[in-house]
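The structure appears right after this line, and notes come after that.
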Amino acid sequence: MASASQAPCGLKTRPLCSNFTAASVSALGVLYRSDSPLALAQAYETRDKLIESHPELAEEGAIQIVIIKTTGDKILSQPLADIGGKGLFTKEIDEALINSEIDIAVHSMKDVPTYLPDKTILPCNLPREDVRDAFICLTAASLAELPAGSTVGTASLRRKSQLLNRYPSLKVLENFRGNVQTRLRKLNEGVVQATLLALAGLKRLNMTENVTSVLSIDDMLPAVAQGAIGIACRSDDEKMASYLASLNHEDTRLAVSCERAFLEKLEGSCRTPIAGYARRDADGNCIFKALVASPDGTQVLETSREGPYAYDDMIKMGVDAGEELLARAGPGFFNR
């Protein structure tokens, strides 16, 4: 198995006891990224679940992890929106999957474009991790306690807009990119006074000791599909589809489908602050909350839907919420 410092890397599988290749995608990409411990952690989580459900895959060499360094990993000096958006993290991995260089691709779903390449399907979502964002700071216990003029580092327009909407006296350092370890190092070096990271990633990396506080859903609505892992394979690979179907967590798949239907309706990109979160309530119904915002946080438009926790109903909720916010935002809102 290749180490995390080597590139490229991925996962493969053939007949039962043969080479099984799985690829993983983390913050904004597909497969394993050579500089992303989180991507590798998600790959190992997928491998372990496959072995647990299919003991024959425990044989040595049955599963191989392949690391592929994507364009999005290589260019860290510019905002994603300026260099092509989320697709930069999937292009090389999609090509490897379609060309049978790997057999499955493990994605952080919040980083997957709403379209899938031809000849691929995404039949599996693993159980969702905590969807909330974590506040990390060495000097203050919460965002509210940060002194006016403090700088918060984040490359996420979603976080930036909601942050500035609630705390307009704070500043945001944009293009605060890099893996979790890189961003924590920049925080410790004093480049920023605080940062916001997905709690799910910190949990998967066993790094929650760095968390100062956790933001509530009401304070920071998550990104679409935040905390969810999705696994793709080729559309004509029935064996892989069968393996993945056995790992699928249906509640997560339905919630992610609702949120992505909302995102697709808005034609969301890296230039637009968009958030959406679907969950099952105590009565078993779906509660969906969504928002769009201006990048500077001066305008935040919110909506919500409630209905049966079933695929068709949840897709309709996502689309309907998107149509409402499109109408309320008006021409030009998404092209600033």
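Chain labels follow the order of the structure tokens: the first chain is A, the next B, and so on; residue numbering restarts at 1 in every chain, and ligands are counted from 1 in their shown order.
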
Extract, using only C-alpha atoms, all DNA, RNA and protein residues at most 8 Å from Lys119 (chain A), discarding same-chain residues fewer than 2 positions from it, and format them as an MDAnalysis selection string.
chainID A and resid 98 117 121 234:236

May I have all residues of region 45-153 of chain A that DSSP, computed from the backbone, assigns to alpha helix (DSSP H), given as JSON, numbers by chain?
{"A": [45, 46, 47, 48, 49, 50, 51, 52, 53, 71, 72, 73, 74, 80, 81, 82, 83, 91, 92, 93, 94, 95, 96, 97, 98]}

Can you check which residues of region 114-330 of chain A DSSP gives as strand (DSSP E or B) on the backbone and send them as a PyMOL selection string?
chain A and resi 120-125+133-137+151-153+171-173+194-198+213-214+229-234+274-280+285-293+300-308

At a cut-off of 9 Å, can you tabulate as JSON lines every residue of region 158-190 of chain A near region 263-286 of chain A together with its closest atom pair and the distance in Å to one decimal, using only C-alpha atoms and ordering rows by chain then number?
```
{"residue": "A:Arg158", "atom": "CA", "partner": "A:Pro273", "partner_atom": "CA", "distance": 4.2}
{"residue": "A:Arg159", "atom": "CA", "partner": "A:Pro273", "partner_atom": "CA", "distance": 7.9}
{"residue": "A:Lys160", "atom": "CA", "partner": "A:Pro273", "partner_atom": "CA", "distance": 8.2}
{"residue": "A:Ser161", "atom": "CA", "partner": "A:Pro273", "partner_atom": "CA", "distance": 6.7}
{"residue": "A:Gln162", "atom": "CA", "partner": "A:Pro273", "partner_atom": "CA", "distance": 8.6}
```

Can you list, as an MDAnalysis selection string, every protein, DNA or RNA residue that comes within 12 Å of Leu50 (chain A) when you count only C-alpha atoms, leaving out same-chain residues fewer than 3 positions away?
chainID A and resid 13 20:22 43:47 53:59 62:63 104 124 126 231 240 242:248

Ser216 (chain A) surroundings by only C-alpha atoms, 9 Å radius, close-in-sequence under 5 positions cut, as a list in words:
Arg132, Asp133 and Leu221 of chain A

Spatial neighbours of region 204-209 of chain A, max dist 9 Å, only C-alpha atoms, sep filter under 4 positions, as a PyMOL selection string
chain A and resi 37-38+41-42+45+129+199-200

Set the distance at 6 Å and use only C-alpha atoms: which residues neighbour region 304-306 of chain A once local chain neighbours fewer than 2 positions away are removed? I'd like the list as a ChimeraX atom specification.
/A:286-289

Record the distance separating CA of Leu146 (chain A) and CA of Leu215 (chain A), expressed in Å with one decimal.
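CA of Leu215 (chain A) lies at a distance of 14.4 Å from CA of Leu146 (chain A).
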
One decimal place gives the CA of Ala194 (chain A)-CA of Ala144 (chain A) separation as 11.8 Å

Show me, as an mmCIF file with N, CA and C atoms, in the first residue's frame, the residues that have an atom within 9 Å of Met317 (chain A) when counting only C-alpha atoms, minus same-chain residues fewer than 2 positions from it.
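Okay, result.cif is ready:
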```cif
data_model
loop_
_atom_site.group_PDB
_atom_site.id
_atom_site.type_symbol
_atom_site.label_atom_id
_atom_site.label_comp_id
_atom_site.auth_asym_id
_atom_site.auth_seq_id
_atom_site.Cartn_x
_atom_site.Cartn_y
_atom_site.Cartn_z
ATOM 1 N N CYS A 258 -31.953 15.368 -1.085
ATOM 2 C CA CYS A 258 -32.769 16.570 -0.903
ATOM 3 C C CYS A 258 -31.912 17.827 -1.008
ATOM 4 N N GLU A 259 -30.804 17.819 -0.303
ATOM 5 C CA GLU A 259 -29.930 18.994 -0.286
ATOM 6 C C GLU A 259 -29.318 19.258 -1.657
ATOM 7 N N ALA A 261 -30.603 18.397 -4.548
ATOM 8 C CA ALA A 261 -31.655 18.875 -5.451
ATOM 9 C C ALA A 261 -31.828 20.380 -5.296
ATOM 10 N N PHE A 262 -31.743 20.849 -4.067
ATOM 11 C CA PHE A 262 -31.795 22.292 -3.790
ATOM 12 C C PHE A 262 -30.610 23.002 -4.449
ATOM 13 N N PHE A 288 -36.220 20.462 6.313
ATOM 14 C CA PHE A 288 -35.161 20.975 5.445
ATOM 15 C C PHE A 288 -35.046 22.482 5.629
ATOM 16 N N SER A 304 -37.514 27.156 4.700
ATOM 17 C CA SER A 304 -37.545 25.801 5.255
ATOM 18 C C SER A 304 -38.742 25.051 4.679
ATOM 19 N N ARG A 305 -38.657 23.727 4.752
ATOM 20 C CA ARG A 305 -39.724 22.857 4.288
ATOM 21 C C ARG A 305 -39.878 21.701 5.266
ATOM 22 N N GLU A 306 -41.068 21.133 5.316
ATOM 23 C CA GLU A 306 -41.324 19.954 6.134
ATOM 24 C C GLU A 306 -42.217 19.014 5.351
ATOM 25 N N GLY A 307 -41.930 17.706 5.409
ATOM 26 C CA GLY A 307 -42.736 16.743 4.681
ATOM 27 C C GLY A 307 -42.302 15.322 4.966
ATOM 28 N N ASP A 312 -39.069 10.934 -3.221
ATOM 29 C CA ASP A 312 -39.762 11.863 -4.116
ATOM 30 C C ASP A 312 -40.183 13.138 -3.394
ATOM 31 N N ASP A 313 -40.685 12.981 -2.177
ATOM 32 C CA ASP A 313 -41.110 14.152 -1.405
ATOM 33 C C ASP A 313 -39.931 15.057 -1.066
ATOM 34 N N MET A 314 -38.787 14.447 -0.730
ATOM 35 C CA MET A 314 -37.624 15.233 -0.318
ATOM 36 C C MET A 314 -36.974 15.933 -1.501
ATOM 37 N N ILE A 315 -36.972 15.277 -2.655
ATOM 38 C CA ILE A 315 -36.480 15.937 -3.866
ATOM 39 C C ILE A 315 -37.352 17.154 -4.159
ATOM 40 N N VAL A 319 -36.118 21.098 -4.456
ATOM 41 C CA VAL A 319 -36.362 21.887 -5.664
ATOM 42 C C VAL A 319 -37.244 23.089 -5.349
ATOM 43 N N ASP A 320 -38.297 22.865 -4.572
ATOM 44 C CA ASP A 320 -39.235 23.938 -4.242
ATOM 45 C C ASP A 320 -38.538 25.043 -3.445
ATOM 46 N N ALA A 321 -37.691 24.661 -2.502
ATOM 47 C CA ALA A 321 -36.953 25.655 -1.725
ATOM 48 C C ALA A 321 -36.021 26.453 -2.628
ATOM 49 N N GLY A 322 -35.382 25.766 -3.580
ATOM 50 C CA GLY A 322 -34.512 26.459 -4.516
ATOM 51 C C GLY A 322 -35.267 27.447 -5.383
#
```
